[in-house]
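S.K.: This is the structure I want to talk about, given as structure tokens.
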Amino acid sequence: MTGYVHSIQSLGAVDGPGVRYVVFMQGCPLRCVYCHNPDTWLTEGGEEYTADELVRKALRFRPYWRNGGGVTVTGGEPLLQAAFVEEFFAKLHEHGVHTALDTSGVGNLAAAERVLRHTDLVLCDLKFLTKAEYRQYCRADFGQVERFLQLTAMKSVPLWVRHVVVPGLTDSLENLRLVKARAESCPNLQKLEFLPFHKLCIEKYDRLGIEFPLRDTPAMNEAWLKQLLEKL
């Protein structure tokens with residue numbers, strides 16, 4: 001089986017524990033207003049790999065995977081190519097490699113369940129907390145995300161929840177407290193990460209001729225975010 005890869009980061013430090021080999025899959029059904037990788041949206045394009053080819057490529061960097069490191073698959077939305085990710089993770093497990101799935105939690109649940117059989121950690125983006133907000137700002141189904149989170153708990157897969165803090169959109173204390181409460185309701189939660197909104201992606205949007213919906217929204221100052229989180 002082949003998969004389509006947008007890009008690879010050989011020594012990532014923010015997509016799971018330790019130093020990681022990060023594979024960005026091509027294709028995403030969501031259109032989040034703050035997406036920083038619009039170049040991954042289309043299913044067309046990317047570089048074609050077999051699972052074996054990608055495993056061999058990843059294992060070259062194994063000496064750097066200290067402190068619980070390994071391989072993270074992200075996107076785009078990796079569950080859009082669930083069968084390929086399933087095979088890739090299964091083959092990595094044959095080599096004793098730690099696997100992490102960075103996902104928005106959308107997609108076919110039966111296919112996701114098969115991926116989770118070979119997943120050591122899920123990093124799930126909890127973007128908003130209502131169906132209306134998910135429809136408006138992501139063109140996604142919040143119910144699907146909820147069902148995916150329940151599936152990770154049922155499978156006892158360790159979970160990190162991530163939430164992007166956007167000024168004027170998701171930065172109220174009330175929202176942050178609700179996100180914290182929802183994340184902590186997951187029995188398999190290991191970590192909650194609040195990520196500051198940034199606009200380093202604008203150049204990509206301009207190059208692709210796509211309007212960035214939050215162009216006029218200020219980036220989230222990390223010092224201000226720290227102050228907010230101290231109040232939770």
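Residue numbers start at 1 in each chain; chains themselves are named A, B, ... in the order of the structure tokens; ligands are numbered from 1 in the order shown.
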Give me the residues within 10 Å of Arg62 (chain A) as a list of chain:residue names, counting only C-alpha atoms and dropping any in the same chain fewer than 2 places off.
M.R.: A:Val19, A:Arg20, A:Tyr21, A:Lys57, A:Ala58, A:Leu59, A:Arg60, A:Tyr64, A:Trp65, A:Arg66, A:Gly69, A:Gly70, A:Val71, A:Val97
S.K.: Take the residues from that selection and put them in a file with all heavy atoms, as a compact mmCIF listing (two decimals), in the first residue's frame.
M.R.:
```
# COMPACT_ATOMS: atom_id res chain seq x y z
N VAL A 19 12.63 13.32 21.09
CA VAL A 19 12.91 13.74 19.72
C VAL A 19 12.19 12.77 18.78
O VAL A 19 12.23 11.56 18.96
CB VAL A 19 14.42 13.73 19.44
CG1 VAL A 19 14.71 14.04 17.97
CG2 VAL A 19 15.13 14.73 20.34
N ARG A 20 11.52 13.34 17.73
CA ARG A 20 10.66 12.49 16.92
C ARG A 20 10.87 12.74 15.43
O ARG A 20 11.23 13.83 15.00
CB ARG A 20 9.19 12.74 17.28
CG ARG A 20 8.91 12.62 18.78
CD ARG A 20 7.44 12.55 19.08
NE ARG A 20 6.82 11.31 18.62
CZ ARG A 20 6.89 10.15 19.28
NH1 ARG A 20 7.55 10.06 20.41
NH2 ARG A 20 6.28 9.07 18.79
N TYR A 21 10.59 11.70 14.68
CA TYR A 21 10.53 11.76 13.22
C TYR A 21 9.08 12.05 12.88
O TYR A 21 8.18 11.26 13.20
CB TYR A 21 10.97 10.42 12.65
CG TYR A 21 11.16 10.37 11.15
CD1 TYR A 21 12.37 10.79 10.58
CD2 TYR A 21 10.17 9.87 10.32
CE1 TYR A 21 12.56 10.71 9.21
CE2 TYR A 21 10.35 9.79 8.95
CZ TYR A 21 11.55 10.21 8.40
OH TYR A 21 11.74 10.13 7.05
N LYS A 57 13.23 4.77 5.87
CA LYS A 57 13.67 6.16 5.92
C LYS A 57 13.67 6.68 7.36
O LYS A 57 14.60 7.35 7.79
CB LYS A 57 12.73 7.00 5.05
CG LYS A 57 13.19 8.42 4.77
CD LYS A 57 12.23 9.10 3.80
CE LYS A 57 12.60 10.54 3.54
NZ LYS A 57 13.84 10.67 2.75
N ALA A 58 12.63 6.34 8.12
CA ALA A 58 12.52 6.80 9.50
C ALA A 58 13.59 6.18 10.39
O ALA A 58 14.20 6.86 11.23
CB ALA A 58 11.13 6.48 10.04
N LEU A 59 13.86 4.88 10.22
CA LEU A 59 14.78 4.18 11.11
C LEU A 59 16.22 4.70 11.03
O LEU A 59 17.01 4.47 11.95
CB LEU A 59 14.75 2.68 10.82
CG LEU A 59 13.47 1.94 11.24
CD1 LEU A 59 13.54 0.48 10.82
CD2 LEU A 59 13.24 2.05 12.74
N ARG A 60 16.55 5.41 9.98
CA ARG A 60 17.88 6.01 9.90
C ARG A 60 18.13 6.99 11.04
O ARG A 60 19.27 7.24 11.42
CB ARG A 60 18.05 6.75 8.57
CG ARG A 60 17.94 5.89 7.32
CD ARG A 60 17.99 6.76 6.08
NE ARG A 60 17.57 6.05 4.88
CZ ARG A 60 17.30 6.65 3.73
NH1 ARG A 60 17.39 7.97 3.63
NH2 ARG A 60 16.94 5.94 2.68
N TYR A 64 18.65 9.09 17.39
CA TYR A 64 18.30 10.38 18.02
C TYR A 64 17.04 10.29 18.88
O TYR A 64 16.69 11.25 19.56
CB TYR A 64 18.07 11.44 16.93
CG TYR A 64 19.27 11.69 16.07
CD1 TYR A 64 19.38 11.08 14.82
CD2 TYR A 64 20.30 12.53 16.48
CE1 TYR A 64 20.49 11.30 14.01
CE2 TYR A 64 21.42 12.76 15.68
CZ TYR A 64 21.50 12.14 14.45
OH TYR A 64 22.60 12.36 13.64
N TRP A 65 16.35 9.14 18.86
CA TRP A 65 15.07 9.05 19.55
C TRP A 65 15.24 8.72 21.02
O TRP A 65 14.91 7.64 21.50
CB TRP A 65 14.19 8.00 18.88
CG TRP A 65 13.87 8.34 17.45
CD1 TRP A 65 13.97 9.55 16.84
CD2 TRP A 65 13.41 7.42 16.46
NE1 TRP A 65 13.60 9.45 15.52
CE2 TRP A 65 13.26 8.14 15.26
CE3 TRP A 65 13.12 6.05 16.45
CZ2 TRP A 65 12.82 7.57 14.07
CZ3 TRP A 65 12.69 5.47 15.27
CH2 TRP A 65 12.53 6.21 14.10
N ARG A 66 15.78 9.68 21.75
CA ARG A 66 15.96 9.49 23.20
C ARG A 66 14.74 10.04 23.95
O ARG A 66 13.89 10.69 23.38
CB ARG A 66 17.23 10.20 23.66
CG ARG A 66 18.49 9.75 22.91
CD ARG A 66 19.72 10.44 23.45
NE ARG A 66 20.92 10.09 22.68
CZ ARG A 66 21.37 10.80 21.66
NH1 ARG A 66 20.72 11.89 21.27
NH2 ARG A 66 22.45 10.43 21.00
N GLY A 69 11.32 9.12 22.54
CA GLY A 69 11.06 9.58 21.18
C GLY A 69 10.58 8.46 20.27
O GLY A 69 10.45 7.31 20.67
N GLY A 70 10.33 8.84 19.02
CA GLY A 70 9.84 7.87 18.05
C GLY A 70 9.32 8.56 16.82
O GLY A 70 9.91 9.52 16.35
N VAL A 71 8.19 8.10 16.32
CA VAL A 71 7.62 8.61 15.07
C VAL A 71 6.22 9.16 15.34
O VAL A 71 5.39 8.51 15.98
CB VAL A 71 7.54 7.51 14.00
CG1 VAL A 71 6.82 8.03 12.75
CG2 VAL A 71 8.95 7.02 13.63
N VAL A 97 9.29 0.69 17.80
CA VAL A 97 9.29 2.15 17.74
C VAL A 97 8.00 2.71 18.34
O VAL A 97 6.90 2.22 18.05
CB VAL A 97 9.43 2.63 16.27
CG1 VAL A 97 9.31 4.15 16.19
CG2 VAL A 97 10.75 2.17 15.70
```
S.K.: Pick out the residues sitting within 12 Å of Gly168 (chain A), and hand them over as a list in words; count only C-alpha atoms, and ignore anything fewer than 6 positions along from it in its own chain.
M.R.: Asn175, Phe197, Leu214, Asp216, Thr217, Pro218, Ala219 and Met220 of chain A
S.K.: To one decimal place in Å, what is the distance between CA of Gly27 (chain A) and CA of His118 (chain A)?
M.R.: 21.5 Å
S.K.: Give me the residues within 12 Å of Arg182 (chain A) as a list in words, counting only C-alpha atoms and dropping any in the same chain fewer than 2 places off.
M.R.: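 Using only C-alpha atoms, the neighbours found are Leu126, Lys127, Phe128, Leu129, Thr130, Glu146, Leu149, Gln150, Val161, Arg162, His163, Asn175, Leu176, Arg177, Leu178, Val179, Lys180, Glu184, Ser185, Cys186, Pro187, Leu189 and Leu192 of chain A.
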S.K.: Could you write those residues out with N, CA and C atoms, as a PDB file, in the first residue's frame?
M.R.:
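So the final result, stored in selection.pdb, reads:
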```
ATOM      1  N   LEU A 126      -8.498  19.609  20.140  1.00  0.00           N
ATOM      2  CA  LEU A 126      -9.858  19.973  20.547  1.00  0.00           C
ATOM      3  C   LEU A 126     -10.014  21.443  20.200  1.00  0.00           C
ATOM      4  N   LYS A 127     -10.580  21.711  19.036  1.00  0.00           N
ATOM      5  CA  LYS A 127     -10.536  23.054  18.469  1.00  0.00           C
ATOM      6  C   LYS A 127     -11.580  23.984  19.089  1.00  0.00           C
ATOM      7  N   PHE A 128     -12.804  23.462  19.287  1.00  0.00           N
ATOM      8  CA  PHE A 128     -13.899  24.217  19.892  1.00  0.00           C
ATOM      9  C   PHE A 128     -14.718  23.258  20.740  1.00  0.00           C
ATOM     10  N   LEU A 129     -15.824  23.742  21.298  1.00  0.00           N
ATOM     11  CA  LEU A 129     -16.575  22.910  22.231  1.00  0.00           C
ATOM     12  C   LEU A 129     -18.048  22.756  21.874  1.00  0.00           C
ATOM     13  N   THR A 130     -18.455  23.306  20.732  1.00  0.00           N
ATOM     14  CA  THR A 130     -19.849  23.156  20.325  1.00  0.00           C
ATOM     15  C   THR A 130     -19.921  22.759  18.864  1.00  0.00           C
ATOM     16  N   GLU A 146     -16.010  13.977  19.361  1.00  0.00           N
ATOM     17  CA  GLU A 146     -16.382  13.398  20.652  1.00  0.00           C
ATOM     18  C   GLU A 146     -16.323  11.873  20.602  1.00  0.00           C
ATOM     19  N   LEU A 149     -12.704  10.716  20.660  1.00  0.00           N
ATOM     20  CA  LEU A 149     -12.125  10.783  22.002  1.00  0.00           C
ATOM     21  C   LEU A 149     -12.605   9.615  22.864  1.00  0.00           C
ATOM     22  N   GLN A 150     -13.880   9.289  22.746  1.00  0.00           N
ATOM     23  CA  GLN A 150     -14.412   8.135  23.480  1.00  0.00           C
ATOM     24  C   GLN A 150     -13.729   6.845  23.047  1.00  0.00           C
ATOM     25  N   VAL A 161      -4.352  16.286  24.774  1.00  0.00           N
ATOM     26  CA  VAL A 161      -5.309  17.177  24.128  1.00  0.00           C
ATOM     27  C   VAL A 161      -4.635  18.520  23.886  1.00  0.00           C
ATOM     28  N   ARG A 162      -4.832  19.059  22.674  1.00  0.00           N
ATOM     29  CA  ARG A 162      -4.250  20.349  22.304  1.00  0.00           C
ATOM     30  C   ARG A 162      -5.362  21.325  21.924  1.00  0.00           C
ATOM     31  N   HIS A 163      -5.171  22.594  22.291  1.00  0.00           N
ATOM     32  CA  HIS A 163      -6.163  23.622  21.984  1.00  0.00           C
ATOM     33  C   HIS A 163      -5.430  24.909  21.624  1.00  0.00           C
ATOM     34  N   ASN A 175     -13.785  29.972  28.269  1.00  0.00           N
ATOM     35  CA  ASN A 175     -13.530  28.940  27.277  1.00  0.00           C
ATOM     36  C   ASN A 175     -12.375  28.045  27.698  1.00  0.00           C
ATOM     37  N   LEU A 176     -11.297  28.638  28.184  1.00  0.00           N
ATOM     38  CA  LEU A 176     -10.132  27.844  28.574  1.00  0.00           C
ATOM     39  C   LEU A 176     -10.470  26.896  29.725  1.00  0.00           C
ATOM     40  N   ARG A 177     -11.295  27.369  30.644  1.00  0.00           N
ATOM     41  CA  ARG A 177     -11.695  26.508  31.760  1.00  0.00           C
ATOM     42  C   ARG A 177     -12.578  25.358  31.277  1.00  0.00           C
ATOM     43  N   LEU A 178     -13.446  25.632  30.306  1.00  0.00           N
ATOM     44  CA  LEU A 178     -14.300  24.583  29.757  1.00  0.00           C
ATOM     45  C   LEU A 178     -13.475  23.552  28.987  1.00  0.00           C
ATOM     46  N   VAL A 179     -12.481  24.028  28.232  1.00  0.00           N
ATOM     47  CA  VAL A 179     -11.590  23.107  27.521  1.00  0.00           C
ATOM     48  C   VAL A 179     -10.851  22.227  28.516  1.00  0.00           C
ATOM     49  N   LYS A 180     -10.354  22.846  29.579  1.00  0.00           N
ATOM     50  CA  LYS A 180      -9.625  22.099  30.611  1.00  0.00           C
ATOM     51  C   LYS A 180     -10.529  21.024  31.233  1.00  0.00           C
ATOM     52  N   GLU A 184      -9.990  17.011  30.915  1.00  0.00           N
ATOM     53  CA  GLU A 184      -9.773  16.240  32.139  1.00  0.00           C
ATOM     54  C   GLU A 184     -10.857  15.207  32.379  1.00  0.00           C
ATOM     55  N   SER A 185     -11.958  15.294  31.611  1.00  0.00           N
ATOM     56  CA  SER A 185     -12.995  14.268  31.725  1.00  0.00           C
ATOM     57  C   SER A 185     -12.599  12.987  30.982  1.00  0.00           C
ATOM     58  N   CYS A 186     -11.537  13.052  30.179  1.00  0.00           N
ATOM     59  CA  CYS A 186     -11.063  11.871  29.452  1.00  0.00           C
ATOM     60  C   CYS A 186     -10.215  11.021  30.401  1.00  0.00           C
ATOM     61  N   PRO A 187     -10.599   9.792  30.679  1.00  0.00           N
ATOM     62  CA  PRO A 187      -9.858   8.981  31.654  1.00  0.00           C
ATOM     63  C   PRO A 187      -8.438   8.632  31.207  1.00  0.00           C
ATOM     64  N   LEU A 189      -6.424  10.812  29.648  1.00  0.00           N
ATOM     65  CA  LEU A 189      -5.657  12.044  29.439  1.00  0.00           C
ATOM     66  C   LEU A 189      -4.330  12.005  30.190  1.00  0.00           C
ATOM     67  N   LEU A 192      -2.497  18.219  28.763  1.00  0.00           N
ATOM     68  CA  LEU A 192      -3.282  19.233  28.062  1.00  0.00           C
ATOM     69  C   LEU A 192      -2.337  20.360  27.659  1.00  0.00           C
TER      70      LEU A 192
END
```
S.K.: Hey, which of A:Glu47, A:Asp125, A:Glu113, A:Asp52 ends up closest to His95 (chain A)? Count only C-alpha atoms.
M.R.: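 For His95 (chain A), the nearest of the given residues is A:Asp52.
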S.K.: Any idea what the distance is between CA of Val157 (chain A) and CA of Val122 (chain A)?
M.R.: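 Computing the Euclidean distance for CA of Val157 (chain A) and CA of Val122 (chain A) yields 6.8 Å.
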S.K.: Restricting the calculation to only C-alpha atoms, which member of A:Leu121, A:Ile210, A:Cys201, A:Val106 is positioned closest to Phe148 (chain A)?
M.R.: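 Smallest distance to Phe148 (chain A) is found for A:Val106.
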S.K.: So, counting only C-alpha atoms, which residue among A:Ala140, A:Tyr49, A:Pro17, A:Phe89 is closest to Pro158 (chain A)?
M.R.: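 Looking only at the distances to Pro158 (chain A), the closest residue turns out to be A:Pro17.
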S.K.: Looking at only C-alpha atoms, which of A:Val33, A:Ile8, A:Leu116, A:Val166 is the one that sits closest to Met154 (chain A)?
M.R.: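 Of A:Val33, A:Ile8, A:Leu116, A:Val166, the one nearest Met154 (chain A) is A:Leu116, counting only C-alpha atoms.
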S.K.: Determine which residues of region 4-222 of chain A receive a DSSP assignment of alpha helix (DSSP H), computed from the backbone, and state them as a VMD selection string.
M.R.: chain A and resid 51 to 59 82 to 94 109 to 116 131 to 138 142 to 154 173 to 184 202 to 208 222
S.K.: Take the selection from the previous step and output its residues with C-alpha atoms, as an mmCIF file, in the first residue's frame.
M.R.:
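And here's selection-v1.cif as it stands now:
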```cif
data_model
loop_
_atom_site.group_PDB
_atom_site.id
_atom_site.type_symbol
_atom_site.label_atom_id
_atom_site.label_comp_id
_atom_site.auth_asym_id
_atom_site.auth_seq_id
_atom_site.Cartn_x
_atom_site.Cartn_y
_atom_site.Cartn_z
ATOM 1 C CA ALA A 51 4.972 1.759 4.280
ATOM 2 C CA ASP A 52 8.225 -0.212 4.041
ATOM 3 C CA GLU A 53 10.001 2.663 2.302
ATOM 4 C CA LEU A 54 8.879 5.131 4.945
ATOM 5 C CA VAL A 55 9.888 2.798 7.780
ATOM 6 C CA ARG A 56 13.384 2.410 6.334
ATOM 7 C CA LYS A 57 13.670 6.158 5.919
ATOM 8 C CA ALA A 58 12.523 6.796 9.498
ATOM 9 C CA LEU A 59 14.783 4.175 11.111
ATOM 10 C CA ALA A 82 -5.967 5.574 7.751
ATOM 11 C CA ALA A 83 -5.146 2.274 6.049
ATOM 12 C CA PHE A 84 -1.659 3.467 5.171
ATOM 13 C CA VAL A 85 -1.032 4.844 8.672
ATOM 14 C CA GLU A 86 -2.254 1.555 10.156
ATOM 15 C CA GLU A 87 0.274 -0.404 8.092
ATOM 16 C CA PHE A 88 3.058 2.098 8.753
ATOM 17 C CA PHE A 89 2.517 2.016 12.526
ATOM 18 C CA ALA A 90 2.246 -1.789 12.567
ATOM 19 C CA LYS A 91 5.608 -2.081 10.825
ATOM 20 C CA LEU A 92 7.164 0.476 13.191
ATOM 21 C CA HIS A 93 5.940 -1.612 16.128
ATOM 22 C CA GLU A 94 7.758 -4.604 14.655
ATOM 23 C CA LEU A 109 -14.255 5.389 13.312
ATOM 24 C CA ALA A 110 -13.789 1.780 12.230
ATOM 25 C CA ALA A 111 -10.662 2.766 10.292
ATOM 26 C CA ALA A 112 -9.475 4.892 13.227
ATOM 27 C CA GLU A 113 -9.918 1.919 15.569
ATOM 28 C CA ARG A 114 -7.583 -0.147 13.409
ATOM 29 C CA VAL A 115 -4.972 2.621 13.507
ATOM 30 C CA LEU A 116 -5.264 2.865 17.286
ATOM 31 C CA LYS A 131 -21.279 21.766 17.114
ATOM 32 C CA ALA A 132 -22.046 25.273 15.865
ATOM 33 C CA GLU A 133 -18.463 26.471 16.359
ATOM 34 C CA TYR A 134 -17.004 23.390 14.681
ATOM 35 C CA ARG A 135 -19.287 23.915 11.674
ATOM 36 C CA GLN A 136 -18.556 27.636 11.438
ATOM 37 C CA TYR A 137 -14.810 27.651 12.038
ATOM 38 C CA CYS A 138 -13.687 24.180 10.870
ATOM 39 C CA PHE A 142 -17.991 18.003 16.699
ATOM 40 C CA GLY A 143 -19.931 14.821 17.364
ATOM 41 C CA GLN A 144 -17.350 12.909 15.353
ATOM 42 C CA VAL A 145 -14.548 14.375 17.469
ATOM 43 C CA GLU A 146 -16.382 13.398 20.652
ATOM 44 C CA ARG A 147 -16.823 9.845 19.405
ATOM 45 C CA PHE A 148 -13.145 9.629 18.513
ATOM 46 C CA LEU A 149 -12.125 10.783 22.002
ATOM 47 C CA GLN A 150 -14.412 8.135 23.480
ATOM 48 C CA LEU A 151 -12.764 5.545 21.240
ATOM 49 C CA THR A 152 -9.280 6.458 22.497
ATOM 50 C CA ALA A 153 -10.530 6.023 26.062
ATOM 51 C CA MET A 154 -12.170 2.687 25.249
ATOM 52 C CA LEU A 173 -11.015 32.388 30.667
ATOM 53 C CA GLU A 174 -14.439 30.774 30.485
ATOM 54 C CA ASN A 175 -13.530 28.940 27.277
ATOM 55 C CA LEU A 176 -10.132 27.844 28.574
ATOM 56 C CA ARG A 177 -11.695 26.508 31.760
ATOM 57 C CA LEU A 178 -14.300 24.583 29.757
ATOM 58 C CA VAL A 179 -11.590 23.107 27.521
ATOM 59 C CA LYS A 180 -9.625 22.099 30.611
ATOM 60 C CA ALA A 181 -12.704 20.457 32.147
ATOM 61 C CA ARG A 182 -13.554 18.584 28.924
ATOM 62 C CA ALA A 183 -9.990 17.352 28.522
ATOM 63 C CA GLU A 184 -9.773 16.240 32.139
ATOM 64 C CA ILE A 202 0.423 33.939 5.959
ATOM 65 C CA GLU A 203 3.167 33.550 3.365
ATOM 66 C CA LYS A 204 1.747 30.107 2.474
ATOM 67 C CA TYR A 205 -1.759 31.516 2.012
ATOM 68 C CA ASP A 206 -0.453 34.335 -0.174
ATOM 69 C CA ARG A 207 1.565 31.927 -2.292
ATOM 70 C CA LEU A 208 -1.472 29.689 -2.782
ATOM 71 C CA GLU A 222 3.173 33.850 24.906
#
```
S.K.: Mind giving me the straight-line distance from CA of Pro78 (chain A) to CA of Met25 (chain A) in Å, one decimal?
M.R.: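 Interatomic distance here is 5.6 Å.
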S.K.: Quick one: everything within 9 Å of Val23 (chain A), counting only C-alpha atoms, minus sequence neighbours fewer than 3 positions away in the same chain. Send it as a list in words.
M.R.: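 Residues near the query, excluding close chain neighbours: Val5, His6, Ser7, Ile8, Gln9, Ser10, Val71, Thr72, Val73, Thr74 and Gly75 of chain A.
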S.K.: Would you write out those residues with N, CA, C and O atoms, as a PDB file, in the first residue's frame?
M.R.:
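result_14.pdb, written as the output of this step:
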```
ATOM      1  N   VAL A   5       2.718  11.674   1.200  1.00  0.00           N
ATOM      2  CA  VAL A   5       3.336  12.447   2.284  1.00  0.00           C
ATOM      3  C   VAL A   5       3.627  13.855   1.806  1.00  0.00           C
ATOM      4  O   VAL A   5       4.254  14.048   0.752  1.00  0.00           O
ATOM      5  N   HIS A   6       3.160  14.825   2.566  1.00  0.00           N
ATOM      6  CA  HIS A   6       3.425  16.221   2.209  1.00  0.00           C
ATOM      7  C   HIS A   6       4.869  16.600   2.484  1.00  0.00           C
ATOM      8  O   HIS A   6       5.563  17.174   1.646  1.00  0.00           O
ATOM      9  N   SER A   7       5.355  16.263   3.685  1.00  0.00           N
ATOM     10  CA  SER A   7       6.722  16.610   4.066  1.00  0.00           C
ATOM     11  C   SER A   7       7.121  15.805   5.294  1.00  0.00           C
ATOM     12  O   SER A   7       6.286  15.150   5.928  1.00  0.00           O
ATOM     13  N   ILE A   8       8.397  15.880   5.625  1.00  0.00           N
ATOM     14  CA  ILE A   8       8.949  15.144   6.769  1.00  0.00           C
ATOM     15  C   ILE A   8       9.859  16.058   7.561  1.00  0.00           C
ATOM     16  O   ILE A   8      10.658  16.809   6.991  1.00  0.00           O
ATOM     17  N   GLN A   9       9.726  16.001   8.876  1.00  0.00           N
ATOM     18  CA  GLN A   9      10.641  16.710   9.781  1.00  0.00           C
ATOM     19  C   GLN A   9      11.422  15.635  10.522  1.00  0.00           C
ATOM     20  O   GLN A   9      10.853  14.884  11.311  1.00  0.00           O
ATOM     21  N   SER A  10      12.694  15.554  10.265  1.00  0.00           N
ATOM     22  CA  SER A  10      13.464  14.424  10.775  1.00  0.00           C
ATOM     23  C   SER A  10      13.749  14.498  12.274  1.00  0.00           C
ATOM     24  O   SER A  10      13.900  13.465  12.917  1.00  0.00           O
ATOM     25  N   VAL A  71       8.189   8.097  16.316  1.00  0.00           N
ATOM     26  CA  VAL A  71       7.617   8.613  15.074  1.00  0.00           C
ATOM     27  C   VAL A  71       6.223   9.164  15.338  1.00  0.00           C
ATOM     28  O   VAL A  71       5.391   8.509  15.982  1.00  0.00           O
ATOM     29  N   THR A  72       5.963  10.361  14.827  1.00  0.00           N
ATOM     30  CA  THR A  72       4.639  10.978  14.882  1.00  0.00           C
ATOM     31  C   THR A  72       4.128  11.156  13.462  1.00  0.00           C
ATOM     32  O   THR A  72       4.851  11.636  12.588  1.00  0.00           O
ATOM     33  N   VAL A  73       2.867  10.779  13.236  1.00  0.00           N
ATOM     34  CA  VAL A  73       2.221  11.053  11.957  1.00  0.00           C
ATOM     35  C   VAL A  73       1.172  12.132  12.177  1.00  0.00           C
ATOM     36  O   VAL A  73       0.328  12.025  13.069  1.00  0.00           O
ATOM     37  N   THR A  74       1.254  13.196  11.373  1.00  0.00           N
ATOM     38  CA  THR A  74       0.361  14.334  11.500  1.00  0.00           C
ATOM     39  C   THR A  74      -0.106  14.718  10.108  1.00  0.00           C
ATOM     40  O   THR A  74      -0.111  13.912   9.195  1.00  0.00           O
ATOM     41  N   GLY A  75      -0.528  15.963   9.917  1.00  0.00           N
ATOM     42  CA  GLY A  75      -1.033  16.331   8.597  1.00  0.00           C
ATOM     43  C   GLY A  75      -1.035  17.819   8.366  1.00  0.00           C
ATOM     44  O   GLY A  75      -0.258  18.529   8.998  1.00  0.00           O
TER      45      GLY A  75
END
```
S.K.: Using only C-alpha atoms, which of A:Trp224, A:Phe61, A:Trp160, A:Phe24 sits nearest Asn188 (chain A)?
M.R.: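 The shortest atom-to-atom distance to Asn188 (chain A) comes from A:Trp160.
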